[in-house]
file protein_38.pdb (PDB, C-alpha atoms)
MODEL        1
ATOM      1  CA  MET A   1      10.311  51.859  -0.094
ATOM      2  CA  VAL A   2       6.602  51.860  -0.914
ATOM      3  CA  MET A   3       7.506  51.663  -4.608
ATOM      4  CA  HIS A   4       9.539  48.488  -4.095
ATOM      5  CA  ARG A   5       6.790  46.905  -2.064
ATOM      6  CA  ALA A   6       4.187  47.894  -4.648
ATOM      7  CA  LEU A   7       6.269  46.477  -7.492
ATOM      8  CA  PHE A   8       6.882  43.281  -5.543
ATOM      9  CA  THR A   9       3.131  42.931  -4.913
ATOM     10  CA  TRP A  10       2.476  43.590  -8.596
ATOM     11  CA  PHE A  11       4.970  40.891  -9.621
ATOM     12  CA  ILE A  12       3.474  38.351  -7.200
ATOM     13  CA  LEU A  13      -0.051  39.039  -8.484
ATOM     14  CA  LEU A  14       1.055  38.837 -12.107
ATOM     15  CA  VAL A  15       2.721  35.432 -11.627
ATOM     16  CA  PHE A  16      -0.284  34.171  -9.654
ATOM     17  CA  PHE A  17      -2.791  35.207 -12.333
ATOM     18  CA  ILE A  18      -0.689  33.607 -15.073
ATOM     19  CA  LEU A  19      -0.469  30.326 -13.113
ATOM     20  CA  LEU A  20      -4.190  30.521 -12.323
ATOM     21  CA  CYS A  21      -5.092  30.933 -16.006
ATOM     22  CA  LEU A  22      -2.888  27.997 -16.983
ATOM     23  CA  ARG A  23      -4.526  25.790 -14.352
ATOM     24  CA  LEU A  24      -8.092  26.889 -15.151
ATOM     25  CA  GLU A  25      -7.600  26.203 -18.856
ATOM     26  CA  ALA A  26      -6.298  22.746 -17.941
ATOM     27  CA  ARG A  27      -3.055  23.364 -19.831
ATOM     28  CA  THR A  28      -1.283  22.153 -16.719
ATOM     29  CA  HIS A  29      -2.405  19.821 -13.974
ATOM     30  CA  TRP A  30      -0.167  21.181 -11.271
ATOM     31  CA  ASN A  31      -1.156  20.887  -7.661
ATOM     32  CA  TRP A  32      -3.249  23.843  -6.466
ATOM     33  CA  PHE A  33      -0.760  24.429  -3.640
ATOM     34  CA  LEU A  34       1.857  25.054  -6.336
ATOM     35  CA  ILE A  35      -0.447  27.451  -8.199
ATOM     36  CA  PHE A  36      -0.778  29.441  -4.977
ATOM     37  CA  LEU A  37       3.012  29.460  -4.466
ATOM     38  CA  PRO A  38       3.431  33.215  -5.228
ATOM     39  CA  LEU A  39       0.768  33.974  -2.630
ATOM     40  CA  TRP A  40       2.447  31.656  -0.090
ATOM     41  CA  ILE A  41       5.682  33.599  -0.522
ATOM     42  CA  TYR A  42       3.820  36.875  -0.107
ATOM     43  CA  ASP A  43       1.919  35.597   2.947
ATOM     44  CA  LEU A  44       5.138  34.370   4.531
ATOM     45  CA  ILE A  45       6.779  37.782   4.114
ATOM     46  CA  ILE A  46       3.716  39.555   5.555
ATOM     47  CA  PHE A  47       3.536  37.127   8.478
ATOM     48  CA  LEU A  48       7.245  37.423   9.271
ATOM     49  CA  GLU A  49       6.999  41.221   9.132
ATOM     50  CA  VAL A  50       4.062  41.228  11.550
ATOM     51  CA  ILE A  51       5.869  38.843  13.934
ATOM     52  CA  PHE A  52       9.035  40.972  13.713
ATOM     53  CA  LYS A  53       7.127  44.171  14.533
ATOM     54  CA  PHE A  54       5.354  42.390  17.398
ATOM     55  CA  VAL A  55       8.672  41.185  18.875
ATOM     56  CA  VAL A  56      10.232  44.657  18.467
ATOM     57  CA  THR A  57       7.299  46.206  20.350
ATOM     58  CA  LEU A  58       7.611  43.502  23.005
ATOM     59  CA  VAL A  59      11.341  44.152  23.501
ATOM     60  CA  LYS A  60      10.909  47.931  23.439
ATOM     61  CA  TYR A  61       7.978  48.266  25.853
ATOM     62  CA  LYS A  62       8.281  44.901  27.653
ATOM     63  CA  GLN A  63       4.486  44.605  27.741
ATOM     64  CA  PHE A  64       2.948  41.600  26.014
ATOM     65  CA  LYS A  65      -0.582  43.004  26.239
ATOM     66  CA  PHE A  66       0.407  46.333  24.668
ATOM     67  CA  GLY A  67       2.252  44.578  21.836
ATOM     68  CA  LEU A  68      -0.697  42.305  21.188
ATOM     69  CA  GLU A  69      -3.147  45.224  21.180
ATOM     70  CA  LYS A  70      -0.970  47.176  18.774
ATOM     71  CA  HIS A  71      -0.521  44.377  16.255
ATOM     72  CA  PHE A  72      -3.661  42.318  16.903
ATOM     73  CA  LEU A  73      -5.428  43.312  13.685
ATOM     74  CA  ALA A  74      -2.402  42.643  11.482
ATOM     75  CA  LEU A  75      -1.640  39.316  13.198
ATOM     76  CA  VAL A  76      -5.200  38.002  12.964
ATOM     77  CA  THR A  77      -5.595  39.181   9.364
ATOM     78  CA  ALA A  78      -2.328  37.547   8.269
ATOM     79  CA  LEU A  79      -3.140  34.285  10.067
ATOM     80  CA  PHE A  80      -6.677  33.968   8.738
ATOM     81  CA  LEU A  81      -5.580  34.896   5.220
ATOM     82  CA  ILE A  82      -3.086  32.010   5.265
ATOM     83  CA  LEU A  83      -5.678  29.689   6.804
ATOM     84  CA  GLY A  84      -8.234  30.673   4.145
ATOM     85  CA  GLN A  85      -5.785  29.952   1.355
ATOM     86  CA  ILE A  86      -4.888  26.566   2.825
ATOM     87  CA  MET A  87      -8.589  25.666   3.057
ATOM     88  CA  LEU A  88      -9.171  26.837  -0.526
ATOM     89  CA  CYS A  89      -6.262  24.768  -1.838
ATOM     90  CA  LEU A  90      -7.468  21.719   0.102
ATOM     91  CA  LYS A  91     -10.951  22.151  -1.334
ATOM     92  CA  LEU A  92      -9.674  22.493  -4.909
ATOM     93  CA  GLU A  93      -7.012  19.775  -4.790
ATOM     94  CA  TYR A  94      -8.500  17.078  -2.611
ATOM     95  CA  LYS A  95     -12.112  16.599  -3.659
ATOM     96  CA  SER A  96     -12.264  13.406  -1.573
ATOM     97  CA  LEU A  97     -12.119  15.511   1.608
ATOM     98  CA  GLU A  98     -15.571  16.889   0.671
ATOM     99  CA  LEU A  99     -14.894  20.218   2.330
ATOM    100  CA  GLN A 100     -17.926  22.470   2.207
ATOM    101  CA  LEU A 101     -17.616  25.939   0.735
ATOM    102  CA  ILE A 102     -18.962  27.486   3.932
ATOM    103  CA  HIS A 103     -16.013  26.039   5.891
ATOM    104  CA  VAL A 104     -13.547  27.260   3.291
ATOM    105  CA  LEU A 105     -14.913  30.787   3.419
ATOM    106  CA  ILE A 106     -15.064  31.147   7.225
ATOM    107  CA  PRO A 107     -11.458  32.474   7.470
ATOM    108  CA  PHE A 108     -12.252  35.012   4.735
ATOM    109  CA  TRP A 109     -15.402  36.057   6.596
ATOM    110  CA  ILE A 110     -13.224  36.817   9.595
ATOM    111  CA  THR A 111     -10.562  38.602   7.525
ATOM    112  CA  LEU A 112     -12.895  40.735   5.397
ATOM    113  CA  PRO A 113     -14.752  42.462   8.297
ATOM    114  CA  LEU A 114     -11.359  43.125   9.912
ATOM    115  CA  LEU A 115     -10.112  44.748   6.715
ATOM    116  CA  ILE A 116     -13.336  46.768   6.437
ATOM    117  CA  PHE A 117     -12.834  47.840  10.064
ATOM    118  CA  ALA A 118      -9.235  48.910   9.293
ATOM    119  CA  VAL A 119     -10.372  50.937   6.260
ATOM    120  CA  VAL A 120     -13.210  52.579   8.225
ATOM    121  CA  CYS A 121     -10.810  53.430  11.081
ATOM    122  CA  SER A 122      -8.393  54.963   8.580
ATOM    123  CA  MET A 123     -11.257  56.942   7.011
ATOM    124  CA  VAL A 124     -12.453  58.243  10.392
ATOM    125  CA  HIS A 125      -8.867  59.150  11.318
ATOM    126  CA  GLN A 126      -8.413  61.017   8.020
ATOM    127  CA  TYR A 127     -11.617  63.017   8.452
ATOM    128  CA  SER A 128     -10.795  63.842  12.085
ATOM    129  CA  ILE A 129      -7.442  65.297  10.890
ATOM    130  CA  ASP A 130      -9.144  67.250   8.058
TER
ATOM    131  CA  MET B   1       1.457  45.373   7.822
ATOM    132  CA  PHE B   2       3.279  45.299   4.495
ATOM    133  CA  PHE B   3       1.212  48.314   3.397
ATOM    134  CA  SER B   4      -0.833  50.732   5.431
ATOM    135  CA  VAL B   5      -4.391  51.357   4.260
ATOM    136  CA  ARG B   6      -3.339  54.818   3.094
ATOM    137  CA  ASP B   7      -0.440  53.420   1.060
ATOM    138  CA  VAL B   8      -2.830  51.094  -0.771
ATOM    139  CA  SER B   9      -5.303  53.921  -1.305
ATOM    140  CA  LYS B  10      -2.577  56.170  -2.703
ATOM    141  CA  TRP B  11      -1.079  53.437  -4.850
ATOM    142  CA  LEU B  12      -4.357  52.279  -6.396
ATOM    143  CA  GLY B  13      -5.653  55.843  -6.631
ATOM    144  CA  LEU B  14      -8.846  54.885  -4.860
ATOM    145  CA  HIS B  15     -10.638  56.735  -2.110
ATOM    146  CA  LEU B  16     -10.941  54.902   1.212
ATOM    147  CA  PHE B  17     -14.721  54.907   0.871
ATOM    148  CA  VAL B  18     -14.450  53.187  -2.529
ATOM    149  CA  MET B  19     -12.168  50.541  -0.995
ATOM    150  CA  CYS B  20     -14.694  50.047   1.783
ATOM    151  CA  ILE B  21     -17.553  49.575  -0.729
ATOM    152  CA  MET B  22     -15.460  47.056  -2.680
ATOM    153  CA  LEU B  23     -14.649  45.029   0.443
ATOM    154  CA  VAL B  24     -18.297  44.991   1.544
ATOM    155  CA  SER B  25     -19.421  43.899  -1.923
ATOM    156  CA  VAL B  26     -16.863  41.049  -1.903
ATOM    157  CA  LEU B  27     -18.118  39.987   1.539
ATOM    158  CA  VAL B  28     -21.750  39.907   0.341
ATOM    159  CA  PHE B  29     -20.643  38.101  -2.834
ATOM    160  CA  THR B  30     -19.012  35.297  -0.805
ATOM    161  CA  ILE B  31     -22.143  34.944   1.347
ATOM    162  CA  ILE B  32     -24.380  34.613  -1.739
ATOM    163  CA  LEU B  33     -21.862  32.179  -3.264
ATOM    164  CA  VAL B  34     -22.169  29.910  -0.236
ATOM    165  CA  ILE B  35     -25.972  30.082  -0.421
ATOM    166  CA  LYS B  36     -25.785  29.065  -4.094
ATOM    167  CA  PHE B  37     -23.629  26.024  -3.302
ATOM    168  CA  ASP B  38     -25.551  24.993  -0.204
ATOM    169  CA  PRO B  39     -27.205  21.664  -1.051
ATOM    170  CA  ASN B  40     -30.087  22.416   1.317
ATOM    171  CA  ILE B  41     -31.136  25.573  -0.544
ATOM    172  CA  GLU B  42     -32.643  25.273  -4.000
ATOM    173  CA  THR B  43     -31.482  27.964  -6.414
ATOM    174  CA  PRO B  44     -32.061  28.391 -10.149
ATOM    175  CA  ALA B  45     -29.334  26.813 -12.283
ATOM    176  CA  ASN B  46     -28.259  29.965 -14.139
ATOM    177  CA  ASP B  47     -28.068  32.493 -11.363
ATOM    178  CA  TRP B  48     -24.448  33.605 -11.682
ATOM    179  CA  TRP B  49     -25.774  37.098 -12.449
ATOM    180  CA  VAL B  50     -27.491  37.085  -9.044
ATOM    181  CA  ILE B  51     -24.317  35.871  -7.333
ATOM    182  CA  PHE B  52     -22.256  38.571  -9.038
ATOM    183  CA  SER B  53     -24.897  41.257  -8.417
ATOM    184  CA  PRO B  54     -23.278  42.590  -5.163
ATOM    185  CA  LEU B  55     -20.062  43.171  -7.099
ATOM    186  CA  PHE B  56     -21.905  44.997  -9.893
ATOM    187  CA  VAL B  57     -23.862  47.073  -7.367
ATOM    188  CA  GLY B  58     -20.554  47.863  -5.629
ATOM    189  CA  ASP B  59     -19.089  49.003  -8.946
ATOM    190  CA  ALA B  60     -22.121  51.219  -9.603
ATOM    191  CA  LEU B  61     -21.816  52.811  -6.145
ATOM    192  CA  CYS B  62     -18.083  53.355  -6.662
ATOM    193  CA  ALA B  63     -18.755  54.998 -10.047
ATOM    194  CA  TYR B  64     -21.377  57.280  -8.473
ATOM    195  CA  PHE B  65     -18.951  58.226  -5.700
ATOM    196  CA  CYS B  66     -16.172  58.922  -8.224
ATOM    197  CA  VAL B  67     -18.463  61.327 -10.120
ATOM    198  CA  ILE B  68     -19.194  63.155  -6.858
ATOM    199  CA  ILE B  69     -15.450  63.382  -6.132
ATOM    200  CA  PHE B  70     -14.895  64.669  -9.689
ATOM    201  CA  LEU B  71     -17.451  67.451  -9.231
ATOM    202  CA  ARG B  72     -16.061  68.400  -5.834
ATOM    203  CA  ILE B  73     -12.486  68.587  -7.124
ATOM    204  CA  ILE B  74     -13.655  70.779 -10.056
ATOM    205  CA  LEU B  75     -15.291  73.156  -7.585
ATOM    206  CA  GLU B  76     -12.495  73.159  -5.006
ATOM    207  CA  ILE B  77      -9.211  72.549  -6.835
ATOM    208  CA  THR B  78      -8.518  72.411 -10.600
ATOM    209  CA  ILE B  79     -10.147  70.969 -13.703
ATOM    210  CA  LYS B  80      -6.915  69.289 -14.868
ATOM    211  CA  ARG B  81      -6.471  67.370 -11.641
ATOM    212  CA  SER B  82     -10.128  66.391 -11.495
ATOM    213  CA  ILE B  83     -10.064  65.071 -15.074
ATOM    214  CA  LEU B  84      -6.900  63.052 -14.380
ATOM    215  CA  LYS B  85      -8.465  61.525 -11.290
ATOM    216  CA  LEU B  86     -11.712  60.781 -13.115
ATOM    217  CA  CYS B  87      -9.831  59.148 -16.026
ATOM    218  CA  TRP B  88      -7.991  56.825 -13.645
ATOM    219  CA  SER B  89     -11.146  55.960 -11.682
ATOM    220  CA  VAL B  90     -13.122  55.270 -14.868
ATOM    221  CA  THR B  91     -10.323  53.087 -16.275
ATOM    222  CA  PHE B  92      -9.989  51.136 -13.025
ATOM    223  CA  LEU B  93     -13.710  50.551 -12.569
ATOM    224  CA  THR B  94     -14.291  49.735 -16.239
ATOM    225  CA  LEU B  95     -11.537  47.113 -16.342
ATOM    226  CA  ILE B  96     -12.756  45.509 -13.124
ATOM    227  CA  PHE B  97     -16.333  45.520 -14.430
ATOM    228  CA  VAL B  98     -15.350  44.002 -17.795
ATOM    229  CA  PHE B  99     -13.439  41.227 -15.996
ATOM    230  CA  LYS B 100     -16.437  40.365 -13.808
ATOM    231  CA  PHE B 101     -18.803  40.548 -16.782
ATOM    232  CA  LEU B 102     -16.647  38.211 -18.890
ATOM    233  CA  LEU B 103     -16.166  35.828 -15.953
ATOM    234  CA  CYS B 104     -19.899  35.704 -15.386
ATOM    235  CA  LYS B 105     -20.532  34.991 -19.082
ATOM    236  CA  LYS B 106     -17.809  32.316 -19.064
ATOM    237  CA  LEU B 107     -19.299  30.600 -16.014
ATOM    238  CA  LEU B 108     -22.685  30.597 -17.722
ATOM    239  CA  ALA B 109     -21.000  29.053 -20.797
ATOM    240  CA  GLN B 110     -22.319  31.889 -22.963
ATOM    241  CA  LEU B 111     -18.822  32.763 -24.107
ATOM    242  CA  SER B 112     -16.228  30.699 -25.962
ATOM    243  CA  LEU B 113     -13.262  32.689 -24.660
ATOM    244  CA  ASP B 114     -10.331  31.141 -22.806
ATOM    245  CA  TYR B 115      -9.639  32.081 -19.209
ATOM    246  CA  SER B 116      -6.546  33.988 -20.308
ATOM    247  CA  GLU B 117      -8.812  36.195 -22.439
ATOM    248  CA  VAL B 118     -11.269  36.617 -19.577
ATOM    249  CA  PHE B 119      -8.363  37.693 -17.362
ATOM    250  CA  ALA B 120      -7.085  40.166 -19.995
ATOM    251  CA  PRO B 121      -8.693  43.237 -18.315
ATOM    252  CA  LEU B 122      -6.933  42.256 -15.077
ATOM    253  CA  TYR B 123      -3.574  42.008 -16.863
ATOM    254  CA  ILE B 124      -4.106  45.470 -18.368
ATOM    255  CA  LEU B 125      -5.048  46.797 -14.940
ATOM    256  CA  LEU B 126      -1.929  45.205 -13.432
ATOM    257  CA  GLN B 127       0.257  46.990 -15.988
ATOM    258  CA  LEU B 128      -1.402  50.312 -15.173
ATOM    259  CA  ILE B 129      -0.942  49.617 -11.458
ATOM    260  CA  ALA B 130       2.749  48.911 -12.104
ATOM    261  CA  PHE B 131       3.068  52.335 -13.741
ATOM    262  CA  ARG B 132       1.423  53.904 -10.712
ATOM    263  CA  ALA B 133       3.754  51.966  -8.400
ATOM    264  CA  CYS B 134       6.726  53.580 -10.149
ATOM    265  CA  GLN B 135       5.299  57.000  -9.331
ATOM    266  CA  GLN B 136       5.243  56.232  -5.601
ATOM    267  CA  THR B 137       7.953  57.635  -3.364
TER
ENDMDL
END
call {"tool": "encode", "arguments": {"input": "protein_38.pdb", "output": "structure tokens"}}
result
Amino acid sequence: MVMHRALFTWFILLVFFILLCLRLEARTHWNWFLIFLPLWIYDLIIFLEVIFKFVVTLVKYKQFKFGLEKHFLALVTALFLILGQIMLCLKLEYKSLELQLIHVLIPFWITLPLLIFAVVCSMVHQYSID
Amino acid sequence: MFFSVRDVSKWLGLHLFVMCIMLVSVLVFTIILVIKFDPNIETPANDWWVIFSPLFVGDALCAYFCVIIFLRIILEITIKRSILKLCWSVTFLTLIFVFKFLLCKKLLAQLSLDYSEVFAPLYILLQLIAFRACQQT
């Protein structure tokens, strides 16, 4: 199962980088939202998976708080990742909006420390087992 | 989520500590990037090297950590396994470094390469990652 997911991620990244190169070289003038289409698909799948797991936990344990605690990190990360990408696309596509880079990067500044926290937690867990 | 942290670590062949260093360096990079584009702060025109410096420092730290891992595996497990792990780590870090280096040069207009050529190390890395994905169970 991990292999399929890894290959799917690889395919998404490959298509995204190809589209990104085409857009950066000005060979196409497609909308930036279209360039990010592979990532939107990926984000949607991640978000739906997180929501599905959250609902399953909710049905199984019938405790909203427990479900939220269990999937809080994944939910927040997925949401802010999508938000960050939307902001980035808006900044790149609609220059008239005059979005500042600091505003675009705020969702990423929330996501990145959360990811670092998840990696550190995993590292601590691994060493406590060893 | 779609992957657990361990799945990603196993797939990319990177230690969790290396992943942590990379994430921190990206975070610092974005902060410096914002400072560069802040109209209220005056920065030198050609300071892309400074902006990219957290990423290069992160790469250097990762390389240092990989050498330590290599030596520890030699002492504790086998030479063959340690060499295989070192080869993968060196390839991964080198390709990432070359991409950042070329991107930096391109942004400074010191290079007449297209973006597709700048992204070439990433494409090679993606192919290698695809091979590794096929080895996953």
call {"tool": "interface_residues", "arguments": {"input": "protein_38.pdb", "of": "chain B", "to": "chain A", "cutoff": "9 Å", "atoms": "all atoms listed in the file", "output": "number ranges by chain"}}
result
B: 1-3, 5-8, 11, 16-17, 19-21, 23-24, 26-27, 30-31, 33-35, 37-38, 114-116, 119, 122-123, 126-127, 129-130, 132-137
call {"tool": "resolve_selection", "arguments": {"input": "protein_38.pdb", "expression": "the PyMOL selection byres ((chain B and resi 102) around 12)", "output": "ChimeraX atom specification"}}
result
/B:48-49,52,95-101,103-122
call {"tool": "atom_distance", "arguments": {"input": "protein_38.pdb", "atom1": "CA of Leu79 (chain A)", "atom2": "CA of Ile41 (chain A)"}}
result
13.8 Å
call {"tool": "resolve_selection", "arguments": {"input": "protein_38.pdb", "expression": "the PyMOL selection byres ((chain B and resi 66) around 12)", "output": "number ranges by chain"}}
result
B: 13-19, 59-65, 67-73, 82-93
call {"tool": "write_last_selection", "arguments": {"input": "protein_38.pdb", "atoms": "C-alpha atoms", "output": "mmCIF file, in the coordinates of the input"}}
result
data_model
loop_
_atom_site.group_PDB
_atom_site.id
_atom_site.type_symbol
_atom_site.label_atom_id
_atom_site.label_comp_id
_atom_site.auth_asym_id
_atom_site.auth_seq_id
_atom_site.Cartn_x
_atom_site.Cartn_y
_atom_site.Cartn_z
ATOM 1 C CA GLY B 13 -5.653 55.843 -6.631
ATOM 2 C CA LEU B 14 -8.846 54.885 -4.860
ATOM 3 C CA HIS B 15 -10.638 56.735 -2.110
ATOM 4 C CA LEU B 16 -10.941 54.902 1.212
ATOM 5 C CA PHE B 17 -14.721 54.907 0.871
ATOM 6 C CA VAL B 18 -14.450 53.187 -2.529
ATOM 7 C CA MET B 19 -12.168 50.541 -0.995
ATOM 8 C CA ASP B 59 -19.089 49.003 -8.946
ATOM 9 C CA ALA B 60 -22.121 51.219 -9.603
ATOM 10 C CA LEU B 61 -21.816 52.811 -6.145
ATOM 11 C CA CYS B 62 -18.083 53.355 -6.662
ATOM 12 C CA ALA B 63 -18.755 54.998 -10.047
ATOM 13 C CA TYR B 64 -21.377 57.280 -8.473
ATOM 14 C CA PHE B 65 -18.951 58.226 -5.700
ATOM 15 C CA VAL B 67 -18.463 61.327 -10.120
ATOM 16 C CA ILE B 68 -19.194 63.155 -6.858
ATOM 17 C CA ILE B 69 -15.450 63.382 -6.132
ATOM 18 C CA PHE B 70 -14.895 64.669 -9.689
ATOM 19 C CA LEU B 71 -17.451 67.451 -9.231
ATOM 20 C CA ARG B 72 -16.061 68.400 -5.834
ATOM 21 C CA ILE B 73 -12.486 68.587 -7.124
ATOM 22 C CA SER B 82 -10.128 66.391 -11.495
ATOM 23 C CA ILE B 83 -10.064 65.071 -15.074
ATOM 24 C CA LEU B 84 -6.900 63.052 -14.380
ATOM 25 C CA LYS B 85 -8.465 61.525 -11.290
ATOM 26 C CA LEU B 86 -11.712 60.781 -13.115
ATOM 27 C CA CYS B 87 -9.831 59.148 -16.026
ATOM 28 C CA TRP B 88 -7.991 56.825 -13.645
ATOM 29 C CA SER B 89 -11.146 55.960 -11.682
ATOM 30 C CA VAL B 90 -13.122 55.270 -14.868
ATOM 31 C CA THR B 91 -10.323 53.087 -16.275
ATOM 32 C CA PHE B 92 -9.989 51.136 -13.025
ATOM 33 C CA LEU B 93 -13.710 50.551 -12.569
#
call {"tool": "atom_distance", "arguments": {"input": "protein_38.pdb", "atom1": "CA of Phe33 (chain A)", "atom2": "CA of Leu19 (chain A)"}}
result
11.2 Å
call {"tool": "atom_distance", "arguments": {"input": "protein_38.pdb", "atom1": "CA of Ser9 (chain B)", "atom2": "CA of Phe66 (chain A)"}}
result
27.7 Å
call {"tool": "residues_near_point", "arguments": {"input": "protein_38.pdb", "point": "(0.6, 28.8, -5.5)", "cutoff": "10 Å", "atoms": "only C-alpha atoms", "output": "MDAnalysis selection string"}}
result
chainID A and resid 15:17 19:20 30:41 85 89
call {"tool": "write_last_selection", "arguments": {"input": "protein_38.pdb", "atoms": "C-alpha atoms", "output": "PDB file, in the frame of the given file"}}
result
ATOM      1  CA  VAL A  15       2.721  35.432 -11.627  1.00  0.00           C
ATOM      2  CA  PHE A  16      -0.284  34.171  -9.654  1.00  0.00           C
ATOM      3  CA  PHE A  17      -2.791  35.207 -12.333  1.00  0.00           C
ATOM      4  CA  LEU A  19      -0.469  30.326 -13.113  1.00  0.00           C
ATOM      5  CA  LEU A  20      -4.190  30.521 -12.323  1.00  0.00           C
ATOM      6  CA  TRP A  30      -0.167  21.181 -11.271  1.00  0.00           C
ATOM      7  CA  ASN A  31      -1.156  20.887  -7.661  1.00  0.00           C
ATOM      8  CA  TRP A  32      -3.249  23.843  -6.466  1.00  0.00           C
ATOM      9  CA  PHE A  33      -0.760  24.429  -3.640  1.00  0.00           C
ATOM     10  CA  LEU A  34       1.857  25.054  -6.336  1.00  0.00           C
ATOM     11  CA  ILE A  35      -0.447  27.451  -8.199  1.00  0.00           C
ATOM     12  CA  PHE A  36      -0.778  29.441  -4.977  1.00  0.00           C
ATOM     13  CA  LEU A  37       3.012  29.460  -4.466  1.00  0.00           C
ATOM     14  CA  PRO A  38       3.431  33.215  -5.228  1.00  0.00           C
ATOM     15  CA  LEU A  39       0.768  33.974  -2.630  1.00  0.00           C
ATOM     16  CA  TRP A  40       2.447  31.656  -0.090  1.00  0.00           C
ATOM     17  CA  ILE A  41       5.682  33.599  -0.522  1.00  0.00           C
ATOM     18  CA  GLN A  85      -5.785  29.952   1.355  1.00  0.00           C
ATOM     19  CA  CYS A  89      -6.262  24.768  -1.838  1.00  0.00           C
TER      20      CYS A  89
END
call {"tool": "build_atoms", "arguments": {"input": "protein_38.pdb", "residues": "region 6-17 of chain A", "atoms": "N, CA and C atoms", "output": "PDB file, in the coordinates of the input"}}
result
ATOM      1  N   ALA A   6       5.273  47.908  -3.668  1.00  0.00           N
ATOM      2  CA  ALA A   6       4.187  47.894  -4.648  1.00  0.00           C
ATOM      3  C   ALA A   6       4.582  47.060  -5.865  1.00  0.00           C
ATOM      4  N   LEU A   7       5.810  47.241  -6.323  1.00  0.00           N
ATOM      5  CA  LEU A   7       6.269  46.477  -7.492  1.00  0.00           C
ATOM      6  C   LEU A   7       6.379  44.988  -7.173  1.00  0.00           C
ATOM      7  N   PHE A   8       6.805  44.684  -5.960  1.00  0.00           N
ATOM      8  CA  PHE A   8       6.882  43.281  -5.543  1.00  0.00           C
ATOM      9  C   PHE A   8       5.480  42.665  -5.514  1.00  0.00           C
ATOM     10  N   THR A   9       4.524  43.399  -4.949  1.00  0.00           N
ATOM     11  CA  THR A   9       3.131  42.931  -4.913  1.00  0.00           C
ATOM     12  C   THR A   9       2.600  42.725  -6.332  1.00  0.00           C
ATOM     13  N   TRP A  10       2.900  43.680  -7.199  1.00  0.00           N
ATOM     14  CA  TRP A  10       2.476  43.590  -8.596  1.00  0.00           C
ATOM     15  C   TRP A  10       3.029  42.329  -9.246  1.00  0.00           C
ATOM     16  N   PHE A  11       4.314  42.061  -9.022  1.00  0.00           N
ATOM     17  CA  PHE A  11       4.970  40.891  -9.621  1.00  0.00           C
ATOM     18  C   PHE A  11       4.330  39.589  -9.117  1.00  0.00           C
ATOM     19  N   ILE A  12       4.091  39.534  -7.808  1.00  0.00           N
ATOM     20  CA  ILE A  12       3.474  38.351  -7.200  1.00  0.00           C
ATOM     21  C   ILE A  12       2.093  38.102  -7.816  1.00  0.00           C
ATOM     22  N   LEU A  13       1.305  39.169  -7.928  1.00  0.00           N
ATOM     23  CA  LEU A  13      -0.051  39.039  -8.484  1.00  0.00           C
ATOM     24  C   LEU A  13      -0.005  38.604  -9.942  1.00  0.00           C
ATOM     25  N   LEU A  14       0.925  39.178 -10.684  1.00  0.00           N
ATOM     26  CA  LEU A  14       1.055  38.837 -12.107  1.00  0.00           C
ATOM     27  C   LEU A  14       1.363  37.347 -12.278  1.00  0.00           C
ATOM     28  N   VAL A  15       2.343  36.859 -11.529  1.00  0.00           N
ATOM     29  CA  VAL A  15       2.721  35.432 -11.627  1.00  0.00           C
ATOM     30  C   VAL A  15       1.541  34.552 -11.204  1.00  0.00           C
ATOM     31  N   PHE A  16       0.852  34.964 -10.138  1.00  0.00           N
ATOM     32  CA  PHE A  16      -0.284  34.171  -9.654  1.00  0.00           C
ATOM     33  C   PHE A  16      -1.389  34.091 -10.708  1.00  0.00           C
ATOM     34  N   PHE A  17      -1.716  35.214 -11.323  1.00  0.00           N
ATOM     35  CA  PHE A  17      -2.791  35.207 -12.333  1.00  0.00           C
ATOM     36  C   PHE A  17      -2.401  34.370 -13.549  1.00  0.00           C
TER      37      PHE A  17
END
